[in-house]
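Visitor: Please find protein-v9.pdb (PDB, C-alpha atoms) on the next line:
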ATOM      1  CA  MET A   1     -22.335  56.454   9.783
ATOM      2  CA  LEU A   2     -19.262  55.188   7.996
ATOM      3  CA  LYS A   3     -18.602  52.694  10.801
ATOM      4  CA  LEU A   4     -22.151  51.364  10.592
ATOM      5  CA  ASN A   5     -21.951  50.932   6.830
ATOM      6  CA  LYS A   6     -18.630  49.123   7.170
ATOM      7  CA  ARG A   7     -20.058  46.816   9.839
ATOM      8  CA  ASN A   8     -23.068  46.079   7.655
ATOM      9  CA  LEU A   9     -20.834  45.273   4.715
ATOM     10  CA  LEU A  10     -18.735  42.906   6.798
ATOM     11  CA  GLN A  11     -21.828  41.150   8.094
ATOM     12  CA  LYS A  12     -23.215  40.742   4.571
ATOM     13  CA  ALA A  13     -19.862  39.431   3.347
ATOM     14  CA  ALA A  14     -19.786  36.882   6.156
ATOM     15  CA  VAL A  15     -23.306  35.688   5.304
ATOM     16  CA  LEU A  16     -22.392  35.363   1.624
ATOM     17  CA  CYS A  17     -19.219  33.454   2.485
ATOM     18  CA  LEU A  18     -21.121  31.092   4.769
ATOM     19  CA  ALA A  19     -23.742  30.520   2.081
ATOM     20  CA  ALA A  20     -21.066  29.846  -0.521
ATOM     21  CA  SER A  21     -19.325  27.359   1.784
ATOM     22  CA  ALA A  22     -22.598  25.602   2.520
ATOM     23  CA  GLY A  23     -23.316  25.414  -1.199
ATOM     24  CA  ALA A  24     -19.946  23.834  -1.858
ATOM     25  CA  VAL A  25     -20.495  21.304   0.915
ATOM     26  CA  CYS A  26     -23.971  20.524  -0.400
ATOM     27  CA  ALA A  27     -22.611  20.141  -3.930
ATOM     28  CA  GLN A  28     -20.042  17.645  -2.673
ATOM     29  CA  ALA A  29     -22.663  15.803  -0.628
ATOM     30  CA  ASP A  30     -24.902  15.538  -3.686
ATOM     31  CA  TYR A  31     -22.062  14.309  -5.891
ATOM     32  CA  PRO A  32     -22.534  12.958  -8.475
ATOM     33  CA  ALA A  33     -25.528  15.027  -9.600
ATOM     34  CA  LYS A  34     -24.920  14.415 -13.325
ATOM     35  CA  PRO A  35     -23.112  11.847 -15.516
ATOM     36  CA  VAL A  36     -19.364  11.402 -14.970
ATOM     37  CA  ARG A  37     -16.871  10.762 -17.756
ATOM     38  CA  ILE A  38     -13.994   8.324 -17.303
ATOM     39  CA  ILE A  39     -11.394   9.028 -19.982
ATOM     40  CA  VAL A  40      -9.395   6.016 -21.121
ATOM     41  CA  PRO A  41      -6.274   7.388 -22.831
ATOM     42  CA  TYR A  42      -5.851   4.245 -24.942
ATOM     43  CA  PRO A  43      -7.921   2.440 -27.600
ATOM     44  CA  ALA A  44     -10.898   0.228 -26.799
ATOM     45  CA  GLY A  45     -10.239  -3.439 -26.131
ATOM     46  CA  GLY A  46      -7.056  -3.142 -24.091
ATOM     47  CA  THR A  47      -6.585  -3.786 -20.386
ATOM     48  CA  THR A  48      -7.065  -0.130 -19.381
ATOM     49  CA  ASP A  49     -10.359  -0.059 -21.246
ATOM     50  CA  ILE A  50     -11.523  -3.379 -19.763
ATOM     51  CA  ILE A  51     -10.803  -2.320 -16.174
ATOM     52  CA  ALA A  52     -12.289   1.149 -16.733
ATOM     53  CA  ARG A  53     -15.572  -0.377 -17.905
ATOM     54  CA  ILE A  54     -15.712  -2.682 -14.881
ATOM     55  CA  ALA A  55     -15.130   0.329 -12.616
ATOM     56  CA  ALA A  56     -17.694   2.445 -14.485
ATOM     57  CA  ASN A  57     -20.376  -0.221 -14.148
ATOM     58  CA  GLN A  58     -19.743  -0.566 -10.432
ATOM     59  CA  LEU A  59     -19.685   3.188  -9.793
ATOM     60  CA  THR A  60     -22.911   3.610 -11.762
ATOM     61  CA  GLU A  61     -24.571   0.963  -9.613
ATOM     62  CA  ARG A  62     -23.298   2.268  -6.277
ATOM     63  CA  LEU A  63     -23.534   6.038  -6.786
ATOM     64  CA  LYS A  64     -26.798   5.969  -8.765
ATOM     65  CA  GLN A  65     -25.457   8.091 -11.612
ATOM     66  CA  SER A  66     -24.041   7.238 -15.035
ATOM     67  CA  PHE A  67     -20.279   6.801 -15.312
ATOM     68  CA  ILE A  68     -19.446   6.817 -19.024
ATOM     69  CA  VAL A  69     -16.175   5.508 -20.494
ATOM     70  CA  GLU A  70     -14.725   7.586 -23.313
ATOM     71  CA  ASN A  71     -11.661   6.438 -25.259
ATOM     72  CA  LYS A  72      -9.306   9.285 -26.156
ATOM     73  CA  ALA A  73      -6.151   7.604 -27.421
ATOM     74  CA  GLY A  74      -2.905   8.984 -28.792
ATOM     75  CA  ALA A  75       0.699   9.872 -27.918
ATOM     76  CA  SER A  76       1.116   6.835 -25.632
ATOM     77  CA  GLY A  77      -1.765   7.983 -23.458
ATOM     78  CA  ALA A  78      -0.715  11.633 -23.245
ATOM     79  CA  ILE A  79      -3.638  13.105 -25.225
ATOM     80  CA  GLY A  80      -6.432  11.710 -23.088
ATOM     81  CA  THR A  81      -4.493  12.260 -19.879
ATOM     82  CA  GLN A  82      -3.834  15.904 -20.765
ATOM     83  CA  ALA A  83      -7.547  16.423 -21.394
ATOM     84  CA  VAL A  84      -8.310  15.388 -17.823
ATOM     85  CA  ALA A  85      -5.493  17.515 -16.387
ATOM     86  CA  GLN A  86      -7.146  20.539 -18.021
ATOM     87  CA  ALA A  87     -10.723  19.649 -17.018
ATOM     88  CA  ALA A  88     -12.687  21.352 -14.239
ATOM     89  CA  PRO A  89     -11.728  19.986 -10.797
ATOM     90  CA  ASP A  90     -15.276  18.999  -9.902
ATOM     91  CA  GLY A  91     -15.152  15.195 -10.109
ATOM     92  CA  TYR A  92     -17.108  14.944 -13.350
ATOM     93  CA  THR A  93     -14.083  14.128 -15.531
ATOM     94  CA  LEU A  94     -11.762  11.325 -14.434
ATOM     95  CA  VAL A  95      -8.976   9.378 -16.096
ATOM     96  CA  MET A  96      -8.115   5.703 -15.833
ATOM     97  CA  GLY A  97      -4.399   6.245 -15.443
ATOM     98  CA  THR A  98      -1.658   3.638 -15.748
ATOM     99  CA  ALA A  99       1.997   3.090 -14.969
ATOM    100  CA  SER A 100       2.573   4.383 -18.506
ATOM    101  CA  SER A 101       0.483   7.564 -18.402
ATOM    102  CA  HIS A 102       1.623   8.525 -14.897
ATOM    103  CA  GLY A 103       5.067   6.984 -14.657
ATOM    104  CA  ILE A 104       6.844   6.058 -17.877
ATOM    105  CA  ASN A 105       5.652   9.063 -19.893
ATOM    106  CA  SER A 106       7.251  11.406 -17.363
ATOM    107  CA  ALA A 107      10.578   9.701 -17.984
ATOM    108  CA  LEU A 108      10.320   9.164 -21.724
ATOM    109  CA  GLN A 109       8.506  12.171 -23.204
ATOM    110  CA  LYS A 110      10.539  15.371 -23.080
ATOM    111  CA  ASN A 111       7.616  17.697 -23.801
ATOM    112  CA  LEU A 112       4.888  15.925 -21.841
ATOM    113  CA  PRO A 113       1.912  18.352 -21.702
ATOM    114  CA  TYR A 114       1.059  17.569 -18.081
ATOM    115  CA  ASP A 115       2.747  16.906 -14.753
ATOM    116  CA  ALA A 116       1.844  13.408 -13.563
ATOM    117  CA  VAL A 117       2.173  14.468  -9.915
ATOM    118  CA  LYS A 118       1.095  18.124  -9.747
ATOM    119  CA  ASP A 119      -1.802  18.119 -12.232
ATOM    120  CA  PHE A 120      -3.843  15.273 -10.698
ATOM    121  CA  ALA A 121      -5.689  14.300  -7.545
ATOM    122  CA  PRO A 122      -5.370  10.515  -7.210
ATOM    123  CA  VAL A 123      -8.524   8.628  -6.228
ATOM    124  CA  THR A 124      -7.502   4.980  -6.002
ATOM    125  CA  VAL A 125      -5.801   2.125  -7.819
ATOM    126  CA  VAL A 126      -8.535  -0.201  -9.044
ATOM    127  CA  ALA A 127      -6.285  -3.144  -9.915
ATOM    128  CA  ASN A 128      -2.708  -4.271 -10.406
ATOM    129  CA  THR A 129      -1.613  -6.620 -13.152
ATOM    130  CA  PRO A 130       1.598  -8.106 -14.528
ATOM    131  CA  ASN A 131       2.675  -7.799 -18.099
ATOM    132  CA  ILE A 132       3.043 -11.011 -20.041
ATOM    133  CA  ILE A 133       5.437 -12.234 -22.721
ATOM    134  CA  ILE A 134       3.650 -14.300 -25.362
ATOM    135  CA  ALA A 135       4.653 -16.034 -28.579
ATOM    136  CA  ASN A 136       3.013 -17.183 -31.766
ATOM    137  CA  PRO A 137       2.775 -21.020 -31.458
ATOM    138  CA  SER A 138       4.884 -21.423 -34.607
ATOM    139  CA  VAL A 139       7.920 -19.849 -32.905
ATOM    140  CA  PRO A 140      10.185 -22.726 -31.766
ATOM    141  CA  VAL A 141      10.304 -21.729 -28.098
ATOM    142  CA  LYS A 142       8.301 -23.113 -25.174
ATOM    143  CA  ASN A 143       9.646 -20.856 -22.425
ATOM    144  CA  LEU A 144      11.594 -17.649 -21.873
ATOM    145  CA  LYS A 145      14.971 -19.377 -21.573
ATOM    146  CA  GLU A 146      14.514 -20.770 -25.083
ATOM    147  CA  LEU A 147      13.455 -17.339 -26.378
ATOM    148  CA  VAL A 148      16.586 -15.737 -24.934
ATOM    149  CA  ALA A 149      18.753 -18.439 -26.507
ATOM    150  CA  LEU A 150      17.024 -18.001 -29.879
ATOM    151  CA  ALA A 151      17.368 -14.206 -29.736
ATOM    152  CA  LYS A 152      21.087 -14.499 -28.949
ATOM    153  CA  SER A 153      21.567 -16.788 -31.960
ATOM    154  CA  GLN A 154      19.653 -14.380 -34.252
ATOM    155  CA  PRO A 155      20.425 -10.816 -33.112
ATOM    156  CA  GLY A 156      17.801  -8.327 -34.275
ATOM    157  CA  LYS A 157      15.861 -10.882 -36.339
ATOM    158  CA  ILE A 158      13.041 -11.572 -33.883
ATOM    159  CA  ASN A 159      10.208  -9.038 -34.055
ATOM    160  CA  PHE A 160       8.259  -8.207 -30.922
ATOM    161  CA  GLY A 161       5.091  -6.162 -30.694
ATOM    162  CA  SER A 162       3.912  -3.907 -27.892
ATOM    163  CA  THR A 163       0.647  -2.111 -27.273
ATOM    164  CA  SER A 164       2.152   1.372 -27.645
ATOM    165  CA  PRO A 165       5.593   2.937 -27.969
ATOM    166  CA  GLY A 166       6.811   3.844 -24.508
ATOM    167  CA  GLY A 167       4.042   1.919 -22.764
ATOM    168  CA  SER A 168       4.558  -0.465 -19.871
ATOM    169  CA  PRO A 169       4.693  -3.580 -22.135
ATOM    170  CA  HIS A 170       7.252  -1.883 -24.406
ATOM    171  CA  MET A 171       9.381  -0.888 -21.427
ATOM    172  CA  SER A 172       9.112  -4.447 -20.085
ATOM    173  CA  ALA A 173      10.703  -5.609 -23.332
ATOM    174  CA  GLU A 174      13.458  -2.993 -23.245
ATOM    175  CA  LEU A 175      14.327  -3.960 -19.679
ATOM    176  CA  LEU A 176      14.449  -7.639 -20.699
ATOM    177  CA  LYS A 177      16.713  -6.843 -23.634
ATOM    178  CA  MET A 178      19.079  -4.976 -21.348
ATOM    179  CA  MET A 179      19.144  -7.530 -18.526
ATOM    180  CA  ALA A 180      19.264 -10.641 -20.744
ATOM    181  CA  GLY A 181      21.730  -9.164 -23.232
ATOM    182  CA  ILE A 182      19.586  -9.767 -26.313
ATOM    183  CA  ASP A 183      18.571  -7.734 -29.351
ATOM    184  CA  MET A 184      15.032  -7.872 -30.788
ATOM    185  CA  THR A 185      13.244  -5.493 -33.140
ATOM    186  CA  HIS A 186      10.345  -3.461 -31.760
ATOM    187  CA  VAL A 187       7.095  -3.217 -33.748
ATOM    188  CA  PRO A 188       4.834  -0.692 -31.979
ATOM    189  CA  TYR A 189       1.040  -0.853 -32.210
ATOM    190  CA  LYS A 190      -1.819   1.422 -31.242
ATOM    191  CA  GLY A 191      -3.441  -0.805 -28.657
ATOM    192  CA  ALA A 192      -3.575  -4.449 -27.640
ATOM    193  CA  ALA A 193      -6.189  -5.548 -30.171
ATOM    194  CA  PRO A 194      -4.166  -4.895 -33.374
ATOM    195  CA  MET A 195      -0.982  -6.231 -31.776
ATOM    196  CA  LEU A 196      -2.697  -9.487 -30.774
ATOM    197  CA  THR A 197      -4.276  -9.810 -34.213
ATOM    198  CA  ASP A 198      -0.859  -9.627 -35.881
ATOM    199  CA  LEU A 199       0.709 -11.952 -33.313
ATOM    200  CA  VAL A 200      -1.961 -14.597 -33.878
ATOM    201  CA  GLY A 201      -1.608 -14.089 -37.635
ATOM    202  CA  GLY A 202       2.162 -14.542 -37.551
ATOM    203  CA  GLN A 203       3.104 -11.018 -38.688
ATOM    204  CA  ILE A 204       5.159 -10.714 -35.488
ATOM    205  CA  GLN A 205       6.704 -13.493 -33.441
ATOM    206  CA  ILE A 206       6.609 -12.209 -29.858
ATOM    207  CA  GLY A 207       4.220  -9.951 -27.967
ATOM    208  CA  PHE A 208       4.454  -7.929 -24.752
ATOM    209  CA  ASP A 209       1.066  -7.070 -23.288
ATOM    210  CA  ASN A 210      -0.849  -6.487 -20.071
ATOM    211  CA  LEU A 211      -2.040  -9.865 -18.851
ATOM    212  CA  PRO A 212      -5.842  -9.266 -18.897
ATOM    213  CA  SER A 213      -6.116  -8.440 -22.606
ATOM    214  CA  SER A 214      -4.073 -11.544 -23.522
ATOM    215  CA  MET A 215      -5.599 -14.109 -21.164
ATOM    216  CA  GLY A 216      -8.340 -15.188 -23.586
ATOM    217  CA  PHE A 217      -5.767 -15.809 -26.315
ATOM    218  CA  VAL A 218      -3.564 -17.791 -23.923
ATOM    219  CA  LYS A 219      -6.464 -19.941 -22.716
ATOM    220  CA  SER A 220      -7.611 -20.652 -26.280
ATOM    221  CA  GLY A 221      -4.110 -21.667 -27.386
ATOM    222  CA  LYS A 222      -3.873 -18.915 -29.995
ATOM    223  CA  VAL A 223      -0.692 -17.652 -28.325
ATOM    224  CA  ARG A 224       1.819 -19.319 -26.004
ATOM    225  CA  ALA A 225       2.566 -17.735 -22.601
ATOM    226  CA  LEU A 226       6.290 -17.584 -21.824
ATOM    227  CA  ALA A 227       6.501 -15.525 -18.623
ATOM    228  CA  VAL A 228       4.918 -12.850 -16.460
ATOM    229  CA  THR A 229       6.898  -9.784 -15.451
ATOM    230  CA  THR A 230       6.087  -9.600 -11.726
ATOM    231  CA  ALA A 231       8.477 -10.763  -9.007
ATOM    232  CA  LYS A 232       6.168 -13.649  -8.063
ATOM    233  CA  ARG A 233       3.873 -15.851 -10.107
ATOM    234  CA  TRP A 234       0.472 -14.293 -10.575
ATOM    235  CA  PRO A 235      -2.354 -15.893  -8.528
ATOM    236  CA  GLY A 236      -4.712 -15.816 -11.505
ATOM    237  CA  ALA A 237      -2.186 -17.618 -13.743
ATOM    238  CA  PRO A 238      -0.017 -19.735 -11.415
ATOM    239  CA  ASP A 239       1.269 -22.009 -14.201
ATOM    240  CA  ILE A 240       3.057 -19.158 -15.978
ATOM    241  CA  PRO A 241       6.607 -18.668 -14.617
ATOM    242  CA  THR A 242       8.160 -15.276 -13.903
ATOM    243  CA  VAL A 243      10.950 -13.692 -15.918
ATOM    244  CA  ALA A 244      13.175 -13.773 -12.829
ATOM    245  CA  GLU A 245      12.814 -17.534 -12.348
ATOM    246  CA  SER A 246      13.335 -18.056 -16.087
ATOM    247  CA  GLY A 247      16.953 -17.008 -16.050
ATOM    248  CA  VAL A 248      16.832 -13.211 -15.564
ATOM    249  CA  PRO A 249      17.206 -12.708 -11.793
ATOM    250  CA  GLY A 250      16.152  -9.359 -10.373
ATOM    251  CA  TYR A 251      13.762  -8.597 -13.213
ATOM    252  CA  GLU A 252      10.425  -7.095 -12.141
ATOM    253  CA  VAL A 253       7.750  -4.948 -13.792
ATOM    254  CA  SER A 254       4.173  -4.591 -12.625
ATOM    255  CA  GLY A 255       1.361  -2.408 -13.912
ATOM    256  CA  TRP A 256      -1.422  -0.538 -12.160
ATOM    257  CA  PHE A 257      -4.713   0.942 -13.314
ATOM    258  CA  GLY A 258      -6.205   3.714 -11.224
ATOM    259  CA  LEU A 259      -8.698   6.560 -11.224
ATOM    260  CA  LEU A 260      -7.459  10.142 -11.001
ATOM    261  CA  ALA A 261      -9.222  13.510 -11.055
ATOM    262  CA  PRO A 262      -7.862  16.950 -11.950
ATOM    263  CA  ALA A 263      -5.798  18.640  -9.234
ATOM    264  CA  GLY A 264      -7.980  20.699  -6.920
ATOM    265  CA  THR A 265     -10.894  18.264  -6.872
ATOM    266  CA  PRO A 266     -12.477  18.423  -3.376
ATOM    267  CA  PRO A 267     -11.258  15.691  -1.003
ATOM    268  CA  ALA A 268     -14.858  14.792  -0.165
ATOM    269  CA  VAL A 269     -15.436  13.851  -3.818
ATOM    270  CA  LEU A 270     -12.214  11.827  -3.981
ATOM    271  CA  ASN A 271     -13.104   9.964  -0.799
ATOM    272  CA  LYS A 272     -16.630   9.219  -2.005
ATOM    273  CA  LEU A 273     -15.272   7.725  -5.228
ATOM    274  CA  GLN A 274     -12.607   5.741  -3.398
ATOM    275  CA  ALA A 275     -15.154   4.314  -0.956
ATOM    276  CA  ALA A 276     -17.402   3.206  -3.833
ATOM    277  CA  VAL A 277     -14.507   1.484  -5.644
ATOM    278  CA  ALA A 278     -13.387  -0.192  -2.415
ATOM    279  CA  ASP A 279     -16.921  -1.452  -1.787
ATOM    280  CA  ALA A 280     -17.045  -2.821  -5.348
ATOM    281  CA  VAL A 281     -13.742  -4.705  -5.322
ATOM    282  CA  ARG A 282     -14.495  -6.195  -1.911
ATOM    283  CA  SER A 283     -17.541  -7.914  -3.376
ATOM    284  CA  PRO A 284     -16.769 -11.539  -4.319
ATOM    285  CA  GLU A 285     -18.254 -11.244  -7.809
ATOM    286  CA  VAL A 286     -16.197  -8.177  -8.820
ATOM    287  CA  ALA A 287     -12.998  -9.527  -7.251
ATOM    288  CA  LYS A 288     -13.504 -12.778  -9.171
ATOM    289  CA  GLN A 289     -14.201 -10.877 -12.394
ATOM    290  CA  LEU A 290     -10.903  -9.011 -12.070
ATOM    291  CA  ARG A 291      -8.903 -12.080 -11.056
ATOM    292  CA  ASP A 292     -10.322 -14.112 -13.937
ATOM    293  CA  LEU A 293      -8.919 -11.413 -16.222
ATOM    294  CA  GLY A 294      -5.512 -11.664 -14.551
ATOM    295  CA  ALA A 295      -5.840  -8.519 -12.426
ATOM    296  CA  GLU A 296      -5.676  -8.183  -8.650
ATOM    297  CA  PRO A 297      -8.146  -5.743  -6.987
ATOM    298  CA  VAL A 298      -6.579  -2.975  -4.876
ATOM    299  CA  ALA A 299      -8.635   0.147  -3.871
ATOM    300  CA  ASN A 300      -5.938   1.933  -1.853
ATOM    301  CA  ALA A 301      -6.343   5.379  -0.263
ATOM    302  CA  PRO A 302      -5.749   8.598  -2.273
ATOM    303  CA  ASP A 303      -2.632   9.558  -0.280
ATOM    304  CA  VAL A 304      -1.104   6.098  -0.723
ATOM    305  CA  PHE A 305      -1.825   6.235  -4.460
ATOM    306  CA  ALA A 306      -0.199   9.691  -4.674
ATOM    307  CA  ARG A 307       2.965   8.383  -2.984
ATOM    308  CA  ASP A 308       3.110   5.391  -5.350
ATOM    309  CA  ILE A 309       2.877   7.672  -8.399
ATOM    310  CA  ARG A 310       5.823   9.736  -7.151
ATOM    311  CA  ASP A 311       7.824   6.539  -6.637
ATOM    312  CA  ASP A 312       6.872   5.236 -10.100
ATOM    313  CA  VAL A 313       8.007   8.424 -11.838
ATOM    314  CA  GLU A 314      11.405   8.172 -10.139
ATOM    315  CA  LYS A 315      11.748   4.452 -10.905
ATOM    316  CA  TRP A 316      11.100   4.839 -14.636
ATOM    317  CA  ARG A 317      13.385   7.841 -14.926
ATOM    318  CA  LYS A 318      16.210   5.639 -13.666
ATOM    319  CA  VAL A 319      15.266   2.831 -16.103
ATOM    320  CA  VAL A 320      15.206   5.215 -19.086
ATOM    321  CA  GLN A 321      18.563   6.711 -18.089
ATOM    322  CA  THR A 322      20.083   3.222 -17.756
ATOM    323  CA  THR A 323      18.691   1.694 -20.951
ATOM    324  CA  GLY A 324      18.839   4.830 -23.102
ATOM    325  CA  VAL A 325      15.541   3.824 -24.705
ATOM    326  CA  LYS A 326      13.811   6.391 -26.901
ATOM    327  CA  LEU A 327      10.388   6.504 -28.515
ATOM    328  CA  ASP A 328      10.310   4.922 -31.981
TER     329      ASP A 328
END
Starting from the coordinates I provided, produce the structure as structure tokens.

Guide:
Amino acid sequence: MLKLNKRNLLQKAAVLCLAASAGAVCAQADYPAKPVRIIVPYPAGGTTDIIARIAANQLTERLKQSFIVENKAGASGAIGTQAVAQAAPDGYTLVMGTASSHGINSALQKNLPYDAVKDFAPVTVVANTPNIIIANPSVPVKNLKELVALAKSQPGKINFGSTSPGGSPHMSAELLKMMAGIDMTHVPYKGAAPMLTDLVGGQIQIGFDNLPSSMGFVKSGKVRALAVTTAKRWPGAPDIPTVAESGVPGYEVSGWFGLLAPAGTPPAVLNKLQAAVADAVRSPEVAKQLRDLGAEPVANAPDVFARDIRDDVEKWRKVVQTTGVKLD
């Protein structure tokens, strides 16, 4: 009798397990069955926000469910990023991560409340972009060589703004200072919009920004483009020289913007999201939209994205150790 009861229990357990597995598979197949949040860990109006909204619109169209962008700024992206790290791993809360949130922060913030590698399941990079060095038109420099010469003649007197302390644009400036042997004074801002407002208004002289959020100001003549930070000239702005060709050989910084989910999110969900993003950026209209902003569409695989994050963390740790930069 005991053997029969045990056999019955095992059979029932097997049926329940099979049903649970089928339910999980069905849930993944039906994904997304409700609205999905994309957390942008920076203020509205910046490059991360712009690219997140493009991605959200495309995912909404392709997956027939609402993808809603929510700005949760603070602590150089750490607050919004932490919120996603702690969210349920079901694919309904994503983050638009950056080289700052998932690379620089790991090197610069001693008590970072998340692990950029262990706490996330990468989906895909949506786009890459250079940073750009821009000047108020009243500053008597027309290119980066002239800026370096001016900064050397006036140590510490030139003010430069960045979109956040410890962000990719800020670190681009610190690397330039180190490699060019110049001293400029950092004025940190909470986002691209207030920094650009003050740059146009003359409150600061120089700005370091992601290219997409500055392109409109460059095209309108409100600011002067001096250089991009990538190793090669950017296809969307071929007239703007690189830092390396402007007298600082070996200089290179590039930014990425990618979707990540909490660690433990089912691979089927990650792959479904990645396929939808890839389909979007392959379309001529979306690719053109990104390139017109100064961004290059990517849509790489989750495992490739994960490897790149690990490499980025190591790279920025070396830069921070070499420059000795600290958060203001």

Visitor: Taking the file above as input, evaluate the PyMOL selection byres ((chain A and resi 113) around 8) and report the hits as a PyMOL selection string.

Guide: chain A and resi 78+82+111-112+114-115

Visitor: In terms of the shortest atom-to-atom distance over all atoms listed in the file, which of A:Gly216, A:Pro188, A:Pro89, A:Gly258 is closest to Val40 (chain A)?

Guide: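 Answer, going by the shortest atom-to-atom distance: A:Gly258.
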
Visitor: Please measure the separation of CA of Pro194 (chain A) and CA of Ala83 (chain A), giving the value in Å to one decimal.

Guide: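 Going from CA of Pro194 (chain A) over to CA of Ala83 (chain A), I get 24.7 Å.
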
Visitor: Enter the distance from CA of Ala52 (chain A) to CA of Val125 (chain A), in Å, rounded to one decimal.

Guide: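 CA of Val125 (chain A) lies at a distance of 11.1 Å from CA of Ala52 (chain A).
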
Visitor: Nearest to Met184 (chain A): which of A:Gly166, A:Gly156, A:Pro43, A:Gly161 is it, counting only C-alpha atoms?

Guide: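 Counting only C-alpha atoms, the residue closest to Met184 (chain A) is A:Gly156.
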
Visitor: Could you tell me how far CA of Asn128 (chain A) sits from CA of Val223 (chain A), in Å to one decimal place?

Guide: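 Value for the CA of Val223 (chain A)-CA of Asn128 (chain A) distance: 22.5 Å.
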
Visitor: Counting all atoms listed in the file, figure out which residue out of A:Asn136, A:Ser66, A:Ser162, A:Thr129 gets nearest to Val218 (chain A).

Guide: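 Answer, going by the shortest atom-to-atom distance: A:Asn136.
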
Visitor: Using only C-alpha atoms, what table do you get, as CSV, when you list each residue of region 215-246 of chain A with an atom no more than 7 Å from region 283-294 of chain A, its nearest pair of atoms, and their distance in Å rounded to one decimal, rows by chain then rising number?

Guide:
residue,atom,partner,partner_atom,distance
A:Met215,CA,A:Leu293,CA,6.5
A:Gly236,CA,A:Gly294,CA,5.2
A:Ala237,CA,A:Gly294,CA,6.9

Visitor: From the set A:Thr323, A:Gln154, A:Ser164, A:Thr197, which residue has the shortest atom-to-atom contact distance to Ile182 (chain A), counting all atoms listed in the file?

Guide: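 Result for the nearest residue to Ile182 (chain A): A:Gln154.
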
Visitor: Quick one: residues within 12 Å of Tyr31 (chain A), only C-alpha atoms counted, chain neighbours fewer than 5 positions away excluded, as a list in words?

Guide: Ala24, Val25, Cys26, Val36, Leu63, Lys64, Gln65, Ser66, Asp90, Gly91, Tyr92, Thr265, Pro266, Pro267, Ala268, Val269, Leu270, Asn271, Lys272 and Leu273 of chain A

Visitor: Between A:Arg310, A:Lys142, A:Lys326, A:Lys34, which has the minimum distance to Phe120 (chain A) (counting all atoms listed in the file)?

Guide: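 Nearest candidate to Phe120 (chain A) out of A:Arg310, A:Lys142, A:Lys326, A:Lys34: A:Arg310.
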
Visitor: Output the residue selection produced by the PyMOL selection byres ((chain A and resi 226) around 8) on the file above, formatted as a PDB file with C-alpha atoms, in the frame of the given file.

Guide:
ATOM      1  CA  ILE A 132       3.043 -11.011 -20.041  1.00  0.00           C
ATOM      2  CA  ILE A 133       5.437 -12.234 -22.721  1.00  0.00           C
ATOM      3  CA  ILE A 134       3.650 -14.300 -25.362  1.00  0.00           C
ATOM      4  CA  ALA A 135       4.653 -16.034 -28.579  1.00  0.00           C
ATOM      5  CA  LYS A 142       8.301 -23.113 -25.174  1.00  0.00           C
ATOM      6  CA  ASN A 143       9.646 -20.856 -22.425  1.00  0.00           C
ATOM      7  CA  LEU A 144      11.594 -17.649 -21.873  1.00  0.00           C
ATOM      8  CA  ARG A 224       1.819 -19.319 -26.004  1.00  0.00           C
ATOM      9  CA  ALA A 225       2.566 -17.735 -22.601  1.00  0.00           C
ATOM     10  CA  ALA A 227       6.501 -15.525 -18.623  1.00  0.00           C
ATOM     11  CA  VAL A 228       4.918 -12.850 -16.460  1.00  0.00           C
ATOM     12  CA  ILE A 240       3.057 -19.158 -15.978  1.00  0.00           C
ATOM     13  CA  PRO A 241       6.607 -18.668 -14.617  1.00  0.00           C
TER      14      PRO A 241
END

Visitor: So which residues fall inside 10 Å of (9.1, -1.7, -19.0) if we count only C-alpha atoms? Mind giving them as a PyMOL selection string?

Guide: chain A and resi 99-100+104+131+166-176+208+229+252-255+316+319-320

Visitor: Between A:Ser246, A:Thr185, A:Gln203, A:Ser213, single out the one closest to Leu147 (chain A), counting only C-alpha atoms.

Guide: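 Comparing A:Ser246, A:Thr185, A:Gln203, A:Ser213 against Leu147 (chain A), the winner is A:Ser246.
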
Visitor: Quick one: apply the PyMOL selection byres ((chain A and resi 296-309) around 6) to the file and drop the selected residues here as an MDAnalysis selection string.

Guide: chainID A and resid 122:128 278 281 291 295 310:312

Visitor: Dig up all the protein and nucleic acid residues within 7 Å of (-12.6, 8.1, -16.7) in the file frame, using all atoms listed in the file, and format them as a list in words.

Guide: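 Checked against the point, the hits come out as Arg37, Ile38, Ile39, Val40, Ala52, Val69, Glu70, Thr93, Leu94, Val95, Met96 and Leu259 of chain A.
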